[in-house]
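Coordinates as given in target35.json (JSON, C-alpha atoms):
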[["chain", "number", "residue", "atom", "x", "y", "z"],
["A", 25, "MET", "CA", 21.90, -20.95, -15.76],
["A", 26, "SER", "CA", 21.34, -17.84, -13.65],
["A", 27, "GLN", "CA", 18.91, -17.68, -10.74],
["A", 28, "THR", "CA", 16.53, -15.42, -12.67],
["A", 29, "GLU", "CA", 16.54, -17.86, -15.62],
["A", 30, "LYS", "CA", 15.56, -20.66, -13.23],
["A", 31, "TRP", "CA", 12.68, -18.54, -11.88],
["A", 32, "GLY", "CA", 11.07, -17.85, -15.26],
["A", 33, "ASP", "CA", 7.89, -15.91, -14.54],
["A", 34, "ALA", "CA", 7.76, -17.10, -10.91],
["A", 35, "CYS", "CA", 9.04, -13.78, -9.60],
["A", 36, "PHE", "CA", 8.28, -10.09, -9.31],
["A", 37, "TYR", "CA", 9.64, -7.33, -11.55],
["A", 38, "CYS", "CA", 10.62, -4.07, -9.89],
["A", 39, "ASP", "CA", 8.49, -1.19, -11.14],
["A", 40, "GLU", "CA", 11.40, 1.22, -10.58],
["A", 41, "CYS", "CA", 14.52, -0.55, -11.94],
["A", 42, "GLY", "CA", 13.05, -3.59, -13.74],
["A", 43, "VAL", "CA", 15.13, -6.21, -11.93],
["A", 44, "GLN", "CA", 13.62, -9.67, -11.29],
["A", 45, "PHE", "CA", 13.35, -10.60, -7.62],
["A", 46, "ARG", "CA", 11.44, -12.80, -5.21],
["A", 47, "THR", "CA", 11.65, -11.69, -1.59],
["A", 48, "PRO", "CA", 11.35, -9.45, 0.28],
["A", 49, "PHE", "CA", 9.12, -7.17, -1.73],
["A", 50, "TYR", "CA", 8.14, -3.56, -1.15],
["A", 51, "THR", "CA", 4.76, -2.35, -2.35],
["A", 52, "ILE", "CA", 2.51, 0.70, -2.46],
["A", 53, "SER", "CA", -1.23, 0.07, -2.52],
["A", 54, "SER", "CA", -4.41, 2.07, -2.71],
["A", 55, "GLN", "CA", -7.07, 0.55, -0.47],
["A", 56, "LYS", "CA", -10.74, 1.09, 0.28],
["A", 57, "GLU", "CA", -11.07, 0.59, 4.01],
["A", 58, "ARG", "CA", -12.76, 1.61, 7.23],
["A", 59, "THR", "CA", -11.96, 1.28, 10.91],
["A", 60, "GLU", "CA", -14.31, -0.60, 13.24],
["A", 61, "PHE", "CA", -14.18, 0.62, 16.84],
["A", 62, "TYR", "CA", -15.56, -1.45, 19.71],
["A", 63, "ASP", "CA", -16.58, -0.85, 23.31],
["A", 64, "GLY", "CA", -15.13, -2.68, 26.29],
["A", 65, "GLY", "CA", -11.43, -2.47, 25.54],
["A", 66, "ARG", "CA", -11.48, -4.54, 22.35],
["A", 67, "LEU", "CA", -8.89, -3.31, 19.88],
["A", 68, "PRO", "CA", -10.12, -1.57, 16.69],
["A", 69, "GLU", "CA", -10.05, -3.50, 13.42],
["A", 70, "ILE", "CA", -9.43, -2.24, 9.92],
["A", 71, "ALA", "CA", -11.73, -3.74, 7.29],
["A", 72, "VAL", "CA", -10.32, -3.62, 3.75],
["A", 73, "SER", "CA", -12.89, -4.11, 1.01],
["A", 74, "ARG", "CA", -10.54, -3.50, -1.92],
["A", 75, "SER", "CA", -6.79, -3.24, -2.34],
["A", 76, "GLU", "CA", -4.94, -2.41, -5.53],
["A", 77, "SER", "CA", -1.17, -2.70, -5.76],
["A", 78, "VAL", "CA", 0.15, 0.38, -7.52],
["A", 79, "ALA", "CA", 3.89, -0.41, -7.35],
["A", 80, "THR", "CA", 6.06, -3.38, -6.43],
["A", 81, "CYS", "CA", 9.75, -2.81, -5.78],
["A", 82, "CYS", "CA", 12.89, -4.82, -5.09],
["A", 83, "SER", "CA", 14.36, -2.53, -2.42],
["A", 84, "TYR", "CA", 13.60, 0.32, -0.08],
["A", 85, "GLN", "CA", 15.57, 2.67, -2.34],
["A", 86, "CYS", "CA", 13.34, 1.82, -5.32],
["A", 87, "LEU", "CA", 10.25, 2.10, -3.10],
["A", 88, "GLU", "CA", 11.23, 5.63, -2.05],
["A", 89, "LYS", "CA", 11.53, 6.69, -5.70],
["A", 90, "GLN", "CA", 8.15, 5.12, -6.61],
["A", 91, "ARG", "CA", 6.48, 6.68, -3.54],
["A", 92, "GLU", "CA", 7.65, 10.14, -4.57],
["A", 93, "LYS", "CA", 6.41, 9.69, -8.16],
["A", 94, "ILE", "CA", 3.04, 8.12, -7.26],
["A", 95, "LEU", "CA", 2.11, 10.54, -4.49],
["A", 96, "ALA", "CA", 3.14, 13.53, -6.63],
["A", 97, "ALA", "CA", 1.00, 12.25, -9.53],
["A", 98, "GLU", "CA", -1.93, 11.82, -7.11],
["A", 99, "ASN", "CA", -1.31, 15.23, -5.48],
["A", 100, "ILE", "CA", -1.06, 13.56, -2.06],
["A", 101, "ARG", "CA", 1.08, 14.66, 0.85],
["A", 102, "PRO", "CA", 2.04, 11.74, 3.08],
["A", 103, "ASN", "CA", 0.83, 12.64, 6.57],
["A", 104, "TYR", "CA", 1.13, 9.19, 8.20],
["A", 105, "PRO", "CA", -2.27, 9.23, 9.92],
["A", 106, "GLY", "CA", -3.49, 7.07, 12.77],
["A", 107, "ILE", "CA", -6.59, 4.86, 12.57],
["A", 108, "GLY", "CA", -9.05, 7.56, 13.60],
["A", 109, "PRO", "CA", -11.82, 8.03, 14.30],
["A", 110, "THR", "CA", -11.01, 11.36, 12.59],
["A", 111, "GLU", "CA", -7.93, 12.05, 10.49],
["A", 112, "SER", "CA", -6.85, 14.67, 7.92],
["A", 113, "CYS", "CA", -7.03, 14.14, 4.16],
["A", 114, "GLY", "CA", -3.61, 13.82, 2.52],
["A", 115, "ARG", "CA", -4.80, 15.82, -0.48],
["A", 116, "CYS", "CA", -7.09, 18.65, 0.67],
["A", 117, "GLY", "CA", -6.57, 18.58, 4.46],
["A", 118, "GLY", "CA", -10.29, 17.98, 5.04],
["A", 119, "GLU", "CA", -11.79, 15.64, 7.59],
["A", 120, "VAL", "CA", -11.68, 11.87, 7.08],
["A", 121, "ILE", "CA", -14.11, 9.84, 9.19],
["A", 122, "THR", "CA", -12.27, 6.53, 9.31],
["A", 123, "GLU", "CA", -15.39, 4.63, 10.40],
["A", 124, "GLN", "CA", -16.69, 5.21, 6.86],
["A", 125, "PHE", "CA", -15.09, 3.66, 3.79],
["A", 126, "HIS", "CA", -12.33, 5.87, 2.41],
["A", 127, "ARG", "CA", -9.21, 5.52, 0.28],
["A", 128, "THR", "CA", -5.96, 4.81, 2.10],
["A", 129, "TRP", "CA", -2.47, 4.78, 0.62],
["A", 130, "VAL", "CA", -0.31, 2.08, 2.22],
["A", 131, "GLU", "CA", 3.31, 1.00, 1.96],
["A", 132, "GLU", "CA", 4.22, -2.57, 2.89],
["A", 133, "VAL", "CA", 7.30, -4.75, 3.20],
["A", 134, "ALA", "CA", 6.61, -8.49, 3.01],
["A", 135, "GLU", "CA", 8.39, -11.82, 2.62],
["A", 136, "CYS", "CA", 7.23, -14.50, 0.21],
["A", 137, "GLN", "CA", 7.60, -18.25, 0.09],
["A", 138, "TRP", "CA", 8.05, -19.70, -3.39],
["A", 139, "GLU", "CA", 7.57, -23.48, -3.34],
["A", 140, "PRO", "CA", 7.44, -23.92, -6.36],
["A", 141, "ASP", "CA", 5.08, -20.99, -7.07],
["A", 142, "LEU", "CA", 4.10, -18.04, -4.94],
["A", 143, "GLY", "CA", 2.73, -19.39, -1.68],
["A", 144, "ASN", "CA", 2.51, -17.52, 1.59],
["A", 145, "ILE", "CA", 3.04, -13.80, 1.89],
["A", 146, "ARG", "CA", 4.01, -12.60, 5.36],
["A", 147, "PRO", "CA", 3.82, -8.86, 6.06],
["A", 148, "ILE", "CA", 6.83, -7.50, 7.92],
["A", 149, "GLU", "CA", 5.92, -3.82, 8.12],
["A", 150, "VAL", "CA", 2.88, -1.80, 7.04],
["A", 151, "THR", "CA", 2.84, 2.00, 6.99],
["A", 152, "THR", "CA", -0.18, 4.17, 6.22],
["A", 153, "LEU", "CA", 1.04, 7.04, 4.04],
["A", 154, "ALA", "CA", -2.22, 8.99, 3.77],
["A", 155, "VAL", "CA", -5.99, 8.76, 3.92],
["A", 156, "LEU", "CA", -8.37, 10.65, 1.62],
["A", 157, "CYS", "CA", -11.69, 12.30, 2.44],
["A", 158, "ALA", "CA", -14.91, 11.19, 0.72],
["A", 159, "GLU", "CA", -14.61, 13.81, -2.04],
["A", 160, "CYS", "CA", -10.92, 13.16, -2.77],
["A", 161, "SER", "CA", -11.48, 9.37, -2.62],
["A", 162, "LEU", "CA", -13.67, 9.67, -5.73],
["A", 163, "THR", "CA", -10.82, 11.02, -7.86],
["A", 164, "PRO", "CA", -9.46, 8.30, -10.20],
["A", 165, "ILE", "CA", -5.95, 6.96, -9.72],
["A", 166, "ALA", "CA", -3.64, 9.05, -11.93],
["A", 167, "ASN", "CA", -1.52, 6.23, -13.33],
["A", 168, "LYS", "CA", -4.43, 4.11, -14.60]]

Just dump the structure as structure tokens.
Amino acid sequence: MSQTEKWGDACFYCDECGVQFRTPFYTISSQKERTEFYDGGRLPEIAVSRSESVATCCSYQCLEKQREKILAAENIRPNYPGIGPTESCGRCGGEVITEQFHRTWVEEVAECQWEPDLGNIRPIEVTTLAVLCAECSLTPIANK
């Protein structure tokens, strides 16, 4: 019996190549978030009110292919913004006030523990691909 037969449905399926896998996983998400800034030297915090996984991949190579397809379908240029307080929209170039809720496109690499089902997910690396202004954030996700 192969490893994937032993897993059954207790695994991920790569959105690019279709292979079954467990860990690590590479994902692209669309999130509704805002940045909270504080006085007195306290580090800013990012509050995420909604996150939707748009693609899950088995490798960085598959992630790169999915990123290209998804961002092209959404008409978004990855500009790898900071946390604000003001950034540029990845679609129209307009102003994004990060202290207000806005859409953010994020890429993440994470490890998973499967004992026996999906347990803990530990992020390894998170990269913000782009943020969208209030007007562009209202545009529906293209692949839905």

Requested in this report: Rank nothing, just name the residue among A:Thr122, A:Gln137, A:Thr47, A:Ser112 nearest to Pro68 of chain A, using all atoms listed in the file.
Outcome: A:Thr122

Report summary line: Min atom-atom distance to Ile145 of chain A from the set A:Cys41, A:Trp31, A:Pro48, A:Tyr62, counting only C-alpha atoms, belongs to A:Pro48

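Taking all atoms listed in the file into account, Gln44 of chain A lies nearest to A:Cys82 out of the set A:Cys82, A:Ile121, A:Glu57, A:Arg127.
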
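Every protein or nucleic acid residue with an atom no more than 10 Å from Thr163 of chain A, counting only C-alpha atoms and leaving out same-chain residues fewer than 4 positions away, appears here: Glu98, Arg127, Leu156, Ala158 and Glu159 of chain A.
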
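Shown here are all protein and nucleic acid residues lying within 10 Å of (-11.8, 12.6, 11.2), with only C-alpha atoms considered: Ile107, Gly108, Pro109, Thr110, Glu111, Ser112, Cys113, Gly118, Glu119, Val120, Ile121, Thr122, Glu123, Gln124 and Cys157 of chain A.
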
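Counting all atoms listed in the file, the residue from A:Asp33, A:Leu87, A:Ala134, A:Thr152 that sits nearest to Pro105 of chain A is A:Thr152.
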
Find the residues near Glu69 of chain A: any atom within 8 Å, counting all atoms listed in the file, skip ones fewer than 5 places away on the same chain, and give them as a compact mmCIF listing (two decimals) with C-alpha atoms, in the coordinates of the input.
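Below is the file result-v4.txt, written as the result:
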# COMPACT_ATOMS: atom_id res chain seq x y z
CA THR A 59 -11.96 1.28 10.91
CA GLU A 60 -14.31 -0.60 13.24
CA PHE A 61 -14.18 0.62 16.84

Requested in this report: Do a neighbour search on Thr80 of chain A at 8 Å with only C-alpha atoms, toss out local chain neighbours closer than 5 positions, and write the hits as JSON, numbers by chain.
Outcome: {"A": [36, 37, 38, 39, 49, 50, 51, 52, 87]}

Requested in this report: Could you please determine the separation between atom CA of Asn103 of chain A and atom CA of Trp129 of chain A in Å, to one decimal place?
Outcome: 10.4 Å

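Candidate residues A:Cys35, A:Lys56, A:Gly114, A:Gly65 were compared for distance to Leu95 of chain A, and the nearest is A:Gly114, using all atoms listed in the file.
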
**Report entry** Shell around Glu149 of chain A at 7 Å using all atoms listed in the file, local window under 2 positions removed, as a VMD selection string
**Finding:** chain A and resid 132 to 134 147 151

Enclose segment 59-64 of chain A, meaning all of its atoms listed in the file, in a box aligned along x, y and z, pad it by 6 Å on each side, and list the centre and edge lengths in Å to one decimal, as JSON.
{"center_x": -14.3, "center_y": -0.7, "center_z": 18.6, "size_x": 16.6, "size_y": 16.0, "size_z": 27.4}

Query raised in the report: Could you state the separation of atom CA of Ser53 of chain A and atom CA of Cys136 of chain A in Å, given to one decimal place?
Result: 17.1 Å

Report task. Between A:Ala96, A:Leu162, A:Val78, A:Ile148, single out the one closest to Ser54 of chain A, counting all atoms listed in the file. Result -> A:Val78

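You will find atom CA of Trp138 of chain A at 7.9 Å from atom CA of Arg46 of chain A.
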
Would you mind writing segment 32-48 of chain A with N, CA and C atoms, as a PDB file, in the frame of the given file?
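And here is the file that came out, part.pdb:
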ATOM      1  N   GLY A  32      12.050 -18.096 -14.197  1.00  0.00           N
ATOM      2  CA  GLY A  32      11.070 -17.850 -15.260  1.00  0.00           C
ATOM      3  C   GLY A  32      10.160 -16.708 -14.859  1.00  0.00           C
ATOM      4  N   ASP A  33       8.851 -16.945 -14.934  1.00  0.00           N
ATOM      5  CA  ASP A  33       7.890 -15.910 -14.540  1.00  0.00           C
ATOM      6  C   ASP A  33       7.488 -16.015 -13.075  1.00  0.00           C
ATOM      7  N   ALA A  34       8.091 -16.925 -12.320  1.00  0.00           N
ATOM      8  CA  ALA A  34       7.760 -17.100 -10.910  1.00  0.00           C
ATOM      9  C   ALA A  34       8.564 -16.126 -10.057  1.00  0.00           C
ATOM     10  N   CYS A  35       8.338 -14.830 -10.330  1.00  0.00           N
ATOM     11  CA  CYS A  35       9.040 -13.780  -9.600  1.00  0.00           C
ATOM     12  C   CYS A  35       8.298 -12.466  -9.796  1.00  0.00           C
ATOM     13  N   PHE A  36       8.785 -11.450  -9.123  1.00  0.00           N
ATOM     14  CA  PHE A  36       8.280 -10.090  -9.310  1.00  0.00           C
ATOM     15  C   PHE A  36       9.258  -9.334 -10.185  1.00  0.00           C
ATOM     16  N   TYR A  37       8.799  -8.247 -10.789  1.00  0.00           N
ATOM     17  CA  TYR A  37       9.640  -7.330 -11.550  1.00  0.00           C
ATOM     18  C   TYR A  37       9.518  -5.963 -10.900  1.00  0.00           C
ATOM     19  N   CYS A  38      10.628  -5.371 -10.555  1.00  0.00           N
ATOM     20  CA  CYS A  38      10.620  -4.070  -9.890  1.00  0.00           C
ATOM     21  C   CYS A  38      10.075  -3.002 -10.821  1.00  0.00           C
ATOM     22  N   ASP A  39       9.092  -2.255 -10.338  1.00  0.00           N
ATOM     23  CA  ASP A  39       8.490  -1.190 -11.140  1.00  0.00           C
ATOM     24  C   ASP A  39       9.416   0.023 -11.290  1.00  0.00           C
ATOM     25  N   GLU A  40      10.469   0.098 -10.489  1.00  0.00           N
ATOM     26  CA  GLU A  40      11.400   1.220 -10.580  1.00  0.00           C
ATOM     27  C   GLU A  40      12.596   0.888 -11.466  1.00  0.00           C
ATOM     28  N   CYS A  41      13.273  -0.244 -11.210  1.00  0.00           N
ATOM     29  CA  CYS A  41      14.520  -0.550 -11.940  1.00  0.00           C
ATOM     30  C   CYS A  41      14.396  -1.741 -12.887  1.00  0.00           C
ATOM     31  N   GLY A  42      13.279  -2.491 -12.819  1.00  0.00           N
ATOM     32  CA  GLY A  42      13.050  -3.590 -13.740  1.00  0.00           C
ATOM     33  C   GLY A  42      13.679  -4.919 -13.378  1.00  0.00           C
ATOM     34  N   VAL A  43      14.449  -4.972 -12.301  1.00  0.00           N
ATOM     35  CA  VAL A  43      15.130  -6.210 -11.930  1.00  0.00           C
ATOM     36  C   VAL A  43      14.111  -7.276 -11.497  1.00  0.00           C
ATOM     37  N   GLN A  44      14.432  -8.547 -11.768  1.00  0.00           N
ATOM     38  CA  GLN A  44      13.620  -9.670 -11.290  1.00  0.00           C
ATOM     39  C   GLN A  44      14.026  -9.970  -9.849  1.00  0.00           C
ATOM     40  N   PHE A  45      13.042 -10.267  -9.002  1.00  0.00           N
ATOM     41  CA  PHE A  45      13.350 -10.600  -7.620  1.00  0.00           C
ATOM     42  C   PHE A  45      12.205 -11.416  -7.036  1.00  0.00           C
ATOM     43  N   ARG A  46      12.459 -11.981  -5.872  1.00  0.00           N
ATOM     44  CA  ARG A  46      11.440 -12.800  -5.210  1.00  0.00           C
ATOM     45  C   ARG A  46      11.049 -12.248  -3.846  1.00  0.00           C
ATOM     46  N   THR A  47      11.998 -12.109  -2.945  1.00  0.00           N
ATOM     47  CA  THR A  47      11.650 -11.690  -1.590  1.00  0.00           C
ATOM     48  C   THR A  47      12.837 -11.029  -0.929  1.00  0.00           C
ATOM     49  N   PRO A  48      12.629 -10.048  -0.075  1.00  0.00           N
ATOM     50  CA  PRO A  48      11.350  -9.450   0.280  1.00  0.00           C
ATOM     51  C   PRO A  48      10.866  -8.544  -0.843  1.00  0.00           C
TER      52      PRO A  48
END
